[in-house]
$ cat protein.cif   # mmCIF, C-alpha atoms
data_upload
loop_
_atom_site.group_PDB
_atom_site.id
_atom_site.type_symbol
_atom_site.label_atom_id
_atom_site.label_comp_id
_atom_site.auth_asym_id
_atom_site.auth_seq_id
_atom_site.Cartn_x
_atom_site.Cartn_y
_atom_site.Cartn_z
ATOM 1 C CA MET A 1 14.254 -20.491 0.218
ATOM 2 C CA ARG A 2 15.435 -22.857 -2.484
ATOM 3 C CA LEU A 3 14.044 -22.267 -5.968
ATOM 4 C CA GLN A 4 13.222 -25.245 -8.161
ATOM 5 C CA LYS A 5 15.422 -26.032 -11.150
ATOM 6 C CA ALA A 6 12.896 -24.813 -13.746
ATOM 7 C CA THR A 7 12.418 -21.547 -11.849
ATOM 8 C CA ARG A 8 16.155 -20.857 -11.715
ATOM 9 C CA CYS A 9 16.472 -21.661 -15.443
ATOM 10 C CA ALA A 10 13.636 -19.242 -16.199
ATOM 11 C CA LEU A 11 15.169 -16.492 -14.075
ATOM 12 C CA TYR A 12 18.604 -16.951 -15.655
ATOM 13 C CA ALA A 13 17.076 -16.821 -19.135
ATOM 14 C CA VAL A 14 14.775 -13.873 -18.595
ATOM 15 C CA LEU A 15 17.429 -11.825 -16.758
ATOM 16 C CA GLU A 16 20.121 -12.615 -19.316
ATOM 17 C CA LEU A 17 17.775 -11.508 -22.096
ATOM 18 C CA ALA A 18 16.528 -8.440 -20.206
ATOM 19 C CA LYS A 19 20.116 -7.313 -19.618
ATOM 20 C CA GLU A 20 20.413 -6.482 -23.324
ATOM 21 C CA SER A 21 16.862 -6.369 -24.515
ATOM 22 C CA GLU A 22 17.767 -5.494 -28.124
ATOM 23 C CA ARG A 23 20.063 -8.485 -28.469
ATOM 24 C CA GLN A 24 18.992 -11.939 -29.607
ATOM 25 C CA ILE A 25 20.614 -14.769 -27.704
ATOM 26 C CA SER A 26 20.395 -18.467 -28.487
ATOM 27 C CA ALA A 27 19.169 -20.970 -25.932
ATOM 28 C CA ALA A 28 22.475 -22.818 -26.324
ATOM 29 C CA ASP A 29 24.453 -19.713 -25.307
ATOM 30 C CA ILE A 30 22.315 -19.182 -22.208
ATOM 31 C CA ALA A 31 22.533 -22.876 -21.275
ATOM 32 C CA GLU A 32 26.312 -22.843 -21.626
ATOM 33 C CA LYS A 33 26.765 -19.627 -19.654
ATOM 34 C CA TYR A 34 24.799 -20.907 -16.646
ATOM 35 C CA GLY A 35 25.737 -24.573 -16.930
ATOM 36 C CA ILE A 36 22.142 -25.719 -17.303
ATOM 37 C CA SER A 37 20.546 -28.372 -19.511
ATOM 38 C CA ALA A 38 19.671 -27.061 -22.989
ATOM 39 C CA ASN A 39 16.622 -29.320 -23.151
ATOM 40 C CA HIS A 40 15.360 -28.090 -19.823
ATOM 41 C CA LEU A 41 15.946 -24.498 -20.862
ATOM 42 C CA ALA A 42 14.109 -25.002 -24.179
ATOM 43 C CA LYS A 43 10.992 -26.079 -22.302
ATOM 44 C CA VAL A 44 11.251 -23.140 -19.920
ATOM 45 C CA LEU A 45 11.729 -20.707 -22.810
ATOM 46 C CA ARG A 46 8.537 -22.006 -24.421
ATOM 47 C CA ASP A 47 6.662 -21.166 -21.216
ATOM 48 C CA LEU A 48 8.265 -17.709 -21.056
ATOM 49 C CA THR A 49 7.347 -17.109 -24.702
ATOM 50 C CA ARG A 50 3.738 -18.092 -24.063
ATOM 51 C CA ALA A 51 3.682 -15.673 -21.129
ATOM 52 C CA GLY A 52 4.904 -12.865 -23.418
ATOM 53 C CA LEU A 53 8.118 -12.275 -21.508
ATOM 54 C CA VAL A 54 10.408 -13.380 -24.339
ATOM 55 C CA GLU A 55 9.978 -13.794 -28.057
ATOM 56 C CA SER A 56 11.517 -16.356 -30.316
ATOM 57 C CA MET A 57 13.315 -14.959 -33.382
ATOM 58 C CA ARG A 58 13.572 -17.275 -36.373
ATOM 59 C CA GLY A 59 16.145 -17.404 -39.137
ATOM 60 C CA ALA A 60 19.877 -16.802 -39.277
ATOM 61 C CA GLY A 61 21.118 -15.265 -36.057
ATOM 62 C CA GLY A 62 17.808 -16.195 -34.464
ATOM 63 C CA GLY A 63 17.369 -16.839 -30.822
ATOM 64 C CA TYR A 64 15.376 -15.230 -28.071
ATOM 65 C CA ARG A 65 14.767 -11.653 -27.130
ATOM 66 C CA PHE A 66 13.233 -10.081 -24.033
ATOM 67 C CA SER A 67 9.824 -8.618 -24.776
ATOM 68 C CA GLY A 68 8.571 -7.486 -21.377
ATOM 69 C CA ASN A 69 9.134 -4.323 -19.380
ATOM 70 C CA ALA A 70 12.105 -4.912 -17.057
ATOM 71 C CA LYS A 71 11.024 -2.032 -14.823
ATOM 72 C CA ARG A 72 7.606 -3.623 -14.317
ATOM 73 C CA VAL A 73 8.086 -7.385 -14.361
ATOM 74 C CA THR A 74 8.894 -8.693 -10.891
ATOM 75 C CA LEU A 75 10.688 -11.836 -9.795
ATOM 76 C CA TYR A 76 7.363 -13.049 -8.397
ATOM 77 C CA GLU A 77 5.769 -13.098 -11.854
ATOM 78 C CA VAL A 78 8.494 -15.392 -13.155
ATOM 79 C CA VAL A 79 8.750 -17.593 -10.063
ATOM 80 C CA HIS A 80 4.964 -17.966 -9.841
ATOM 81 C CA MET A 81 4.896 -19.437 -13.370
ATOM 82 C CA PHE A 82 6.974 -22.415 -12.284
ATOM 83 C CA GLU A 83 6.221 -23.048 -8.629
ATOM 84 C CA ASP A 84 3.736 -22.316 -5.919
ATOM 85 C CA VAL A 85 4.946 -19.587 -3.681
ATOM 86 C CA GLY A 86 2.750 -18.034 -1.034
ATOM 87 C CA GLN A 87 -0.228 -20.118 -2.063
ATOM 88 C CA GLY A 88 -1.245 -20.572 1.536
ATOM 89 C CA VAL A 89 -1.014 -23.685 3.601
ATOM 90 C CA ARG A 90 -2.165 -26.950 2.023
ATOM 91 C CA PRO A 91 -4.516 -28.870 4.312
ATOM 92 C CA GLU A 92 -2.501 -31.257 6.437
ATOM 93 C CA ALA A 93 -3.339 -33.627 9.262
ATOM 94 C CA GLY A 94 -3.296 -31.802 12.560
ATOM 95 C CA ASP A 95 -4.193 -28.399 11.073
ATOM 96 C CA ASP A 96 -7.227 -28.101 13.319
ATOM 97 C CA SER A 97 -5.281 -28.752 16.493
ATOM 98 C CA PRO A 98 -4.150 -25.748 18.565
ATOM 99 C CA ILE A 99 -0.507 -26.461 17.721
ATOM 100 C CA GLY A 100 -1.370 -26.952 14.029
ATOM 101 C CA ARG A 101 -3.100 -23.565 13.922
ATOM 102 C CA ALA A 102 -0.144 -21.873 15.614
ATOM 103 C CA LEU A 103 2.324 -23.547 13.236
ATOM 104 C CA ASN A 104 0.247 -22.422 10.254
ATOM 105 C CA ARG A 105 0.325 -18.849 11.554
ATOM 106 C CA VAL A 106 4.137 -18.967 11.548
ATOM 107 C CA THR A 107 4.490 -20.633 8.123
ATOM 108 C CA THR A 108 1.994 -18.162 6.653
ATOM 109 C CA GLU A 109 4.123 -15.287 7.977
ATOM 110 C CA ILE A 110 7.190 -16.785 6.278
ATOM 111 C CA ASP A 111 5.262 -17.217 2.994
ATOM 112 C CA GLU A 112 3.970 -13.640 3.103
ATOM 113 C CA ILE A 113 7.458 -12.243 3.579
ATOM 114 C CA ALA A 114 8.765 -14.357 0.670
ATOM 115 C CA VAL A 115 5.962 -13.192 -1.635
ATOM 116 C CA SER A 116 6.354 -9.567 -0.647
ATOM 117 C CA THR A 117 10.107 -9.746 -1.307
ATOM 118 C CA LEU A 118 9.669 -11.338 -4.734
ATOM 119 C CA LYS A 119 6.888 -8.912 -5.671
ATOM 120 C CA SER A 120 9.002 -5.880 -4.821
ATOM 121 C CA ILE A 121 12.044 -6.782 -6.924
ATOM 122 C CA THR A 122 11.749 -5.997 -10.616
ATOM 123 C CA LEU A 123 14.065 -7.511 -13.214
ATOM 124 C CA SER A 124 15.635 -4.092 -13.584
ATOM 125 C CA THR A 125 16.329 -3.901 -9.835
ATOM 126 C CA LEU A 126 17.878 -7.372 -9.837
ATOM 127 C CA LEU A 127 20.125 -6.417 -12.766
ATOM 128 C CA LYS A 128 21.251 -3.329 -10.836
ATOM 129 C CA LEU A 129 22.050 -5.563 -7.861
ATOM 130 C CA THR A 130 23.973 -7.877 -10.194
ATOM 131 C CA ASP A 131 26.120 -4.961 -11.380
ATOM 132 C CA ARG A 132 26.681 -3.729 -7.832
ATOM 133 C CA LEU A 133 27.790 -7.137 -6.583
ATOM 134 C CA ALA A 134 30.076 -7.561 -9.596
ATOM 135 C CA ALA A 135 31.684 -4.171 -8.861
ATOM 136 C CA GLU A 136 32.134 -5.123 -5.200
ATOM 137 C CA GLN A 137 33.701 -8.435 -6.210
ATOM 138 C CA LEU A 138 36.072 -6.639 -8.587
ATOM 139 C CA LEU A 139 37.128 -4.260 -5.820
ATOM 140 C CA SER A 140 37.600 -7.107 -3.386
ATOM 141 C CA ASP A 141 39.713 -9.032 -5.929
ATOM 142 C CA LYS A 142 41.862 -5.953 -6.534
ATOM 143 C CA ASN A 143 42.431 -5.444 -2.818
ATOM 144 C CA SER A 144 43.333 -9.060 -2.080
ATOM 145 C CA MET B 1 1.322 25.257 -3.924
ATOM 146 C CA THR B 2 -0.279 22.779 -6.236
ATOM 147 C CA GLY B 3 0.650 19.155 -6.433
ATOM 148 C CA THR B 4 0.313 18.693 -10.163
ATOM 149 C CA GLU B 5 3.079 19.347 -12.623
ATOM 150 C CA ASN B 6 3.842 16.980 -15.414
ATOM 151 C CA LEU B 7 7.503 16.130 -15.037
ATOM 152 C CA THR B 8 7.397 12.727 -16.674
ATOM 153 C CA GLY B 9 10.685 11.903 -18.328
ATOM 154 C CA SER B 10 12.854 14.492 -16.639
ATOM 155 C CA ALA B 11 13.901 15.485 -13.174
ATOM 156 C CA LEU B 12 16.460 17.969 -14.455
ATOM 157 C CA ASP B 13 14.490 21.051 -13.492
ATOM 158 C CA LEU B 14 13.590 19.730 -10.106
ATOM 159 C CA VAL B 15 14.704 21.626 -7.004
ATOM 160 C CA ILE B 16 15.136 19.757 -3.741
ATOM 161 C CA ARG B 17 15.172 22.040 -0.697
ATOM 162 C CA ASN B 18 14.399 22.120 2.994
ATOM 163 C CA SER B 19 10.753 22.563 3.855
ATOM 164 C CA LYS B 20 9.279 25.869 5.004
ATOM 165 C CA PRO B 21 6.112 26.489 7.058
ATOM 166 C CA ALA B 22 4.360 27.601 3.846
ATOM 167 C CA ASP B 23 4.886 24.105 2.361
ATOM 168 C CA VAL B 24 2.688 22.367 4.915
ATOM 169 C CA PRO B 25 -0.665 22.938 3.117
ATOM 170 C CA GLY B 26 0.890 21.601 -0.115
ATOM 171 C CA VAL B 27 2.181 18.516 1.702
ATOM 172 C CA VAL B 28 -1.244 17.967 3.279
ATOM 173 C CA LYS B 29 -2.897 18.162 -0.163
ATOM 174 C CA LEU B 30 -0.369 15.886 -1.832
ATOM 175 C CA ASP B 31 -0.587 13.326 0.977
ATOM 176 C CA GLU B 32 -4.373 13.457 0.776
ATOM 177 C CA ARG B 33 -4.232 12.771 -2.967
ATOM 178 C CA ILE B 34 -1.991 9.769 -2.350
ATOM 179 C CA THR B 35 -3.623 8.275 0.746
ATOM 180 C CA GLY B 36 -7.159 9.650 0.566
ATOM 181 C CA LEU B 37 -6.823 10.947 4.135
ATOM 182 C CA ASN B 38 -6.562 14.539 5.304
ATOM 183 C CA LYS B 39 -4.066 14.683 8.162
ATOM 184 C CA SER B 40 -3.499 18.417 8.588
ATOM 185 C CA GLU B 41 -2.615 18.282 12.279
ATOM 186 C CA TYR B 42 -0.203 15.429 11.730
ATOM 187 C CA TRP B 43 1.703 17.331 9.028
ATOM 188 C CA VAL B 44 1.858 20.547 11.063
ATOM 189 C CA ASP B 45 3.310 18.473 13.898
ATOM 190 C CA MET B 46 5.729 16.715 11.480
ATOM 191 C CA PHE B 47 7.001 20.074 10.274
ATOM 192 C CA GLU B 48 7.527 21.272 13.851
ATOM 193 C CA ARG B 49 9.393 18.110 14.744
ATOM 194 C CA TYR B 50 11.383 17.531 11.565
ATOM 195 C CA GLY B 51 11.433 20.770 9.616
ATOM 196 C CA ARG B 52 13.921 22.679 11.707
ATOM 197 C CA ARG B 53 15.971 20.460 13.972
ATOM 198 C CA LYS B 54 19.453 19.082 13.799
ATOM 199 C CA ASN B 55 19.813 15.664 12.164
ATOM 200 C CA ARG B 56 16.161 15.721 11.089
ATOM 201 C CA PHE B 57 15.270 16.400 7.475
ATOM 202 C CA PHE B 58 12.004 17.341 5.817
ATOM 203 C CA LEU B 59 12.795 17.891 2.134
ATOM 204 C CA ILE B 60 10.555 19.213 -0.591
ATOM 205 C CA ALA B 61 10.701 18.602 -4.346
ATOM 206 C CA GLU B 62 9.681 21.668 -6.282
ATOM 207 C CA GLY B 63 8.796 21.522 -9.983
ATOM 208 C CA PRO B 64 9.998 24.008 -12.633
ATOM 209 C CA SER B 65 7.211 26.483 -11.856
ATOM 210 C CA GLY B 66 7.589 26.199 -8.120
ATOM 211 C CA GLY B 67 4.831 23.671 -7.414
ATOM 212 C CA LEU B 68 5.291 21.074 -4.717
ATOM 213 C CA VAL B 69 5.602 17.660 -6.382
ATOM 214 C CA GLY B 70 7.092 15.544 -3.618
ATOM 215 C CA PHE B 71 8.476 15.321 -0.120
ATOM 216 C CA ILE B 72 10.587 13.030 1.994
ATOM 217 C CA ILE B 73 11.251 12.941 5.741
ATOM 218 C CA GLY B 74 14.102 11.285 7.576
ATOM 219 C CA GLU B 75 16.263 11.509 10.642
ATOM 220 C CA VAL B 76 19.233 10.002 12.415
ATOM 221 C CA ARG B 77 18.273 7.460 15.074
ATOM 222 C CA ALA B 78 20.675 5.864 17.488
ATOM 223 C CA TRP B 79 20.959 2.828 19.722
ATOM 224 C CA GLU B 80 17.498 1.420 19.282
ATOM 225 C CA PHE B 81 18.009 -2.201 20.313
ATOM 226 C CA GLY B 82 21.741 -1.810 19.889
ATOM 227 C CA SER B 83 21.691 -0.245 16.430
ATOM 228 C CA PRO B 84 24.493 2.317 15.992
ATOM 229 C CA PRO B 85 23.399 5.720 14.645
ATOM 230 C CA SER B 86 21.701 5.226 11.285
ATOM 231 C CA GLY B 87 19.436 7.099 8.936
ATOM 232 C CA TRP B 88 15.695 6.483 8.955
ATOM 233 C CA ILE B 89 13.293 7.436 6.199
ATOM 234 C CA PHE B 90 9.702 7.288 7.298
ATOM 235 C CA ALA B 91 7.703 9.325 4.800
ATOM 236 C CA LEU B 92 7.853 9.744 1.049
ATOM 237 C CA GLY B 93 5.264 11.220 -1.245
ATOM 238 C CA VAL B 94 5.384 11.913 -4.968
ATOM 239 C CA ASP B 95 2.660 13.501 -7.055
ATOM 240 C CA PRO B 96 0.958 10.475 -8.696
ATOM 241 C CA GLU B 97 0.765 12.269 -12.060
ATOM 242 C CA SER B 98 4.502 12.904 -12.045
ATOM 243 C CA ARG B 99 5.635 9.383 -11.183
ATOM 244 C CA LEU B 100 8.460 7.825 -13.193
ATOM 245 C CA GLY B 101 9.940 11.275 -13.658
ATOM 246 C CA GLY B 102 12.820 10.717 -11.245
ATOM 247 C CA ILE B 103 11.332 12.783 -8.404
ATOM 248 C CA GLY B 104 11.466 9.965 -5.847
ATOM 249 C CA SER B 105 15.027 9.075 -6.831
ATOM 250 C CA LYS B 106 16.162 12.674 -6.471
ATOM 251 C CA LEU B 107 14.454 13.058 -3.102
ATOM 252 C CA PHE B 108 15.986 9.783 -1.946
ATOM 253 C CA SER B 109 19.511 10.680 -3.037
ATOM 254 C CA SER B 110 19.192 14.133 -1.446
ATOM 255 C CA MET B 111 18.052 12.542 1.802
ATOM 256 C CA CYS B 112 20.980 10.107 1.654
ATOM 257 C CA SER B 113 23.369 13.063 1.218
ATOM 258 C CA CYS B 114 21.870 14.814 4.268
ATOM 259 C CA LEU B 115 22.191 11.629 6.312
ATOM 260 C CA THR B 116 25.764 11.023 5.164
ATOM 261 C CA LYS B 117 26.684 14.581 6.190
ATOM 262 C CA SER B 118 25.210 13.795 9.603
ATOM 263 C CA GLY B 119 27.776 11.047 9.981
ATOM 264 C CA VAL B 120 25.815 7.855 9.360
ATOM 265 C CA ASP B 121 26.563 5.190 6.775
ATOM 266 C CA THR B 122 23.300 3.223 6.752
ATOM 267 C CA VAL B 123 19.769 4.193 5.854
ATOM 268 C CA ARG B 124 16.643 2.234 6.782
ATOM 269 C CA THR B 125 12.939 2.370 6.287
ATOM 270 C CA MET B 126 9.884 0.330 7.256
ATOM 271 C CA LEU B 127 6.972 -0.394 4.949
ATOM 272 C CA ALA B 128 3.760 -2.353 4.920
ATOM 273 C CA ARG B 129 4.364 -5.800 3.436
ATOM 274 C CA ASP B 130 1.745 -5.169 0.752
ATOM 275 C CA ASP B 131 2.950 -1.676 -0.152
ATOM 276 C CA GLU B 132 4.355 -2.881 -3.464
ATOM 277 C CA LEU B 133 4.790 0.587 -4.960
ATOM 278 C CA ASN B 134 7.043 1.979 -2.239
ATOM 279 C CA MET B 135 8.754 -1.347 -1.631
ATOM 280 C CA ALA B 136 9.695 -1.631 -5.320
ATOM 281 C CA PHE B 137 10.864 1.999 -5.315
ATOM 282 C CA PHE B 138 13.182 1.614 -2.311
ATOM 283 C CA ARG B 139 14.552 -1.646 -3.677
ATOM 284 C CA SER B 140 15.203 0.028 -7.026
ATOM 285 C CA GLN B 141 17.357 2.511 -5.104
ATOM 286 C CA GLY B 142 19.461 -0.358 -3.761
ATOM 287 C CA MET B 143 17.789 -1.031 -0.407
ATOM 288 C CA MET B 144 17.476 -4.643 0.744
ATOM 289 C CA GLY B 145 16.220 -6.519 3.780
ATOM 290 C CA GLY B 146 18.363 -5.594 6.774
ATOM 291 C CA PRO B 147 19.330 -7.266 10.031
ATOM 292 C CA PHE B 148 16.306 -5.950 11.944
ATOM 293 C CA ILE B 149 12.806 -7.310 11.726
ATOM 294 C CA GLN B 150 9.560 -5.605 12.612
ATOM 295 C CA LEU B 151 7.328 -7.329 15.187
ATOM 296 C CA GLU B 152 3.963 -6.324 16.545
ATOM 297 C CA MET B 153 0.984 -7.563 18.509
ATOM 298 C CA ASP B 154 -2.525 -6.396 19.158
ATOM 299 C CA LEU B 155 -3.077 -4.876 22.582
ATOM 300 C CA PRO B 156 -6.083 -6.002 24.582
ATOM 301 C CA ASN B 157 -8.953 -3.612 25.188
ATOM 302 C CA PRO B 158 -8.841 -1.732 28.522
ATOM 303 C CA ASP B 159 -11.279 -4.295 29.929
ATOM 304 C CA GLY B 160 -8.720 -7.026 29.267
ATOM 305 C CA LYS B 161 -10.676 -8.658 26.415
ATOM 306 C CA PRO B 162 -8.996 -9.322 23.023
ATOM 307 C CA ASN B 163 -9.541 -6.392 20.648
ATOM 308 C CA GLY B 164 -10.661 -8.750 17.889
ATOM 309 C CA LYS B 165 -8.406 -7.314 15.157
ATOM 310 C CA ARG B 166 -6.632 -10.603 14.560
ATOM 311 C CA VAL B 167 -8.497 -13.878 14.303
#

$ encode --input "protein.cif" --output "structure tokens"
Amino acid sequence: MRLQKATRCALYAVLELAKESERQISAADIAEKYGISANHLAKVLRDLTRAGLVESMRGAGGGYRFSGNAKRVTLYEVVHMFEDVGQGVRPEAGDDSPIGRALNRVTTEIDEIAVSTLKSITLSTLLKLTDRLAAEQLLSDKNS
Amino acid sequence: MTGTENLTGSALDLVIRNSKPADVPGVVKLDERITGLNKSEYWVDMFERYGRRKNRFFLIAEGPSGGLVGFIIGEVRAWEFGSPPSGWIFALGVDPESRLGGIGSKLFSSMCSCLTKSGVDTVRTMLARDDELNMAFFRSQGMMGGPFIQLEMDLPNPDGKPNGKRV
């Protein structure tokens, strides 16, 4: 599964902010850290703000801050804001044929697994995974 | 045994221990509160099969005043479709009013310790795709999709006709 650019930007931003929810971080800092376009990120942050997942802090030292509950918000909620995932099969030519119906059964199964995976991973769980992978990488670097 | 003790915010006073025959009614009640189904016979059978055999574990979480607030069941399985011995967790129940108090995490880590002592280094489980609560819990403990995948099909009725479950 390949996530669209806006979705990845949103996930980077929301996870970076959720990692230290008390801290305000500027869009420029997030863009630089992940090598993404600042303009693109600004648009995504507006959407995340409207959804109540982040809040924009004005004034000196302003930036963005996470305002959701990292133990409750799932990857699906963020991904679903920017792209259709598991929205069922769009009507296509051949759908009513026996092979079309069988193919749709298979693609629906794939969609359902993707949705169930995204719905079961909270931001908090993904941050734990991030830490675990970083620790594993550190160990691997030490041993090599 | 009652299934209601407010432990929210702390699992410090929680005791995790092996199940005893006297726990079965408490497990039945707790499971009924969670699933809405009374499965007395099933739980008596589960205790017989998992409560007192080697490499099978039926653990109970007991609150500060001795009430049953959770349970977990697991075992070591070996060589199913080539899988080396590994731990399997196939039941977990936590008192709904005591959720987010660390009971599930403590039961899970205790089960992992039992399985590790039995000589395995992997633990697995299988859940319904739409069971978001348990799926999110197990993922929060570090579990991820593994190399096995669950498959199933509907069996025809004895007369050979489709059973009509799947359209």

$ interface_residues --input "protein.cif" --of "chain B" --to "chain A" --cutoff "6 Å" --atoms "all atoms listed in the file" --output "list in words"
Arg129, Glu132, Met135, Ala136 and Ser140 of chain B

$ closest_residue --input "protein.cif" --among "B:Asp121, B:Glu48, B:Phe138, B:Ser113" --to "B:Phe90" --atoms "only C-alpha atoms"
B:Phe138

$ atom_distance --input "protein.cif" --atom1 "atom CA of A:Pro91" --atom2 "atom CA of A:Met1"
21.0 Å

$ atom_distance --input "protein.cif" --atom1 "atom CA of B:Thr116" --atom2 "atom CA of B:Arg52"
17.9 Å

$ residues_around --input "protein.cif" --residues "A:Ala42" --least-positions-apart "2" --cutoff "12 Å" --atoms "all atoms listed in the file" --output "list in words"
Ala6, Cys9, Ala10, Ala13, Ser26, Ala27, Ala28, Asp29, Ile30, Ala31, Ile36, Ser37, Ala38, Asn39, His40, Val44, Leu45, Arg46, Asp47, Leu48, Thr49, Ser56, Gly63 and Tyr64 of chain A

$ atom_distance --input "protein.cif" --atom1 "atom CA of B:Pro158" --atom2 "atom CA of A:Ala102"
25.5 Å

$ residues_around --input "protein.cif" --residues "B:Val120" --least-positions-apart "6" --cutoff "8 Å" --atoms "all atoms listed in the file" --output "PyMOL selection string"
chain B and resi 76+85-87

$ axis_aligned_box --input "protein.cif" --around "stretch 73-82 of chain B" --padding-each-side "4 Å" --output "lines of an AutoDock Vina configuration file"
center_x = 16.5
center_y = 5.4
center_z = 13.0
size_x = 18.5
size_y = 23.1
size_z = 22.6

$ resolve_selection --input "protein.cif" --expression "the PyMOL selection byres ((chain B and resi 19) around 6)" --output "list in words"
Asn18, Lys20, Phe58, Leu59 and Ile60 of chain B

$ resolve_selection --input "protein.cif" --expression "the PyMOL selection byres ((chain A and resi 19) around 12)" --output "list in words"
Leu11, Tyr12, Ala13, Val14, Leu15, Glu16, Leu17, Ala18, Glu20, Ser21, Glu22, Arg23, Gln24, Ile25, Arg65, Phe66, Ser67, Gly68, Asn69, Ala70, Lys71, Leu123, Ser124, Thr125, Leu126, Leu127, Lys128, Thr130 and Asp131 of chain A

$ residues_near_point --input "protein.cif" --point "(13.3, 8.0, -6.4)" --cutoff "10 Å" --atoms "all atoms listed in the file" --output "JSON, numbers by chain"
{"B": [92, 94, 99, 100, 101, 102, 103, 104, 105, 106, 107, 108, 109, 110, 134, 137, 138, 140, 141]}

$ closest_residue --input "protein.cif" --among "B:Gly74, B:Asn163, B:Arg49, B:Leu30" --to "B:Ser118" --atoms "all atoms listed in the file"
B:Gly74

$ resolve_selection --input "protein.cif" --expression "the PyMOL selection byres ((chain B and resi 15) around 9)" --output "ChimeraX atom specification"
/B:11-14,16-17,60-64,66

$ decode --input "protein.cif" --residues "stretch 25-51 of chain A" --atoms "C-alpha atoms" --output "PDB file, in the first residue's frame"
ATOM      1  CA  ILE A  25       6.828  23.020  16.622  1.00  0.00           C
ATOM      2  CA  SER A  26       6.900  25.202  13.529  1.00  0.00           C
ATOM      3  CA  ALA A  27       5.775  23.909  10.158  1.00  0.00           C
ATOM      4  CA  ALA A  28       9.217  24.803   8.795  1.00  0.00           C
ATOM      5  CA  ASP A  29      10.933  22.537  11.345  1.00  0.00           C
ATOM      6  CA  ILE A  30       8.663  19.607  10.494  1.00  0.00           C
ATOM      7  CA  ALA A  31       9.116  20.187   6.750  1.00  0.00           C
ATOM      8  CA  GLU A  32      12.892  20.277   7.120  1.00  0.00           C
ATOM      9  CA  LYS A  33      13.049  17.180   9.314  1.00  0.00           C
ATOM     10  CA  TYR A  34      11.085  15.034   6.846  1.00  0.00           C
ATOM     11  CA  GLY A  35      12.293  16.679   3.647  1.00  0.00           C
ATOM     12  CA  ILE A  36       8.803  17.679   2.551  1.00  0.00           C
ATOM     13  CA  SER A  37       7.473  20.839   0.907  1.00  0.00           C
ATOM     14  CA  ALA A  38       6.618  23.568   3.436  1.00  0.00           C
ATOM     15  CA  ASN A  39       3.747  24.779   1.267  1.00  0.00           C
ATOM     16  CA  HIS A  40       2.293  21.314   1.012  1.00  0.00           C
ATOM     17  CA  LEU A  41       2.653  20.826   4.748  1.00  0.00           C
ATOM     18  CA  ALA A  42       0.964  24.175   5.498  1.00  0.00           C
ATOM     19  CA  LYS A  43      -2.126  23.054   3.602  1.00  0.00           C
ATOM     20  CA  VAL A  44      -2.155  19.700   5.370  1.00  0.00           C
ATOM     21  CA  LEU A  45      -1.760  21.371   8.769  1.00  0.00           C
ATOM     22  CA  ARG A  46      -4.798  23.543   8.044  1.00  0.00           C
ATOM     23  CA  ASP A  47      -6.830  20.381   7.448  1.00  0.00           C
ATOM     24  CA  LEU A  48      -5.486  18.785  10.641  1.00  0.00           C
ATOM     25  CA  THR A  49      -6.327  21.950  12.583  1.00  0.00           C
ATOM     26  CA  ARG A  50      -9.874  21.957  11.236  1.00  0.00           C
ATOM     27  CA  ALA A  51     -10.199  18.318  12.292  1.00  0.00           C
TER      28      ALA A  51
END
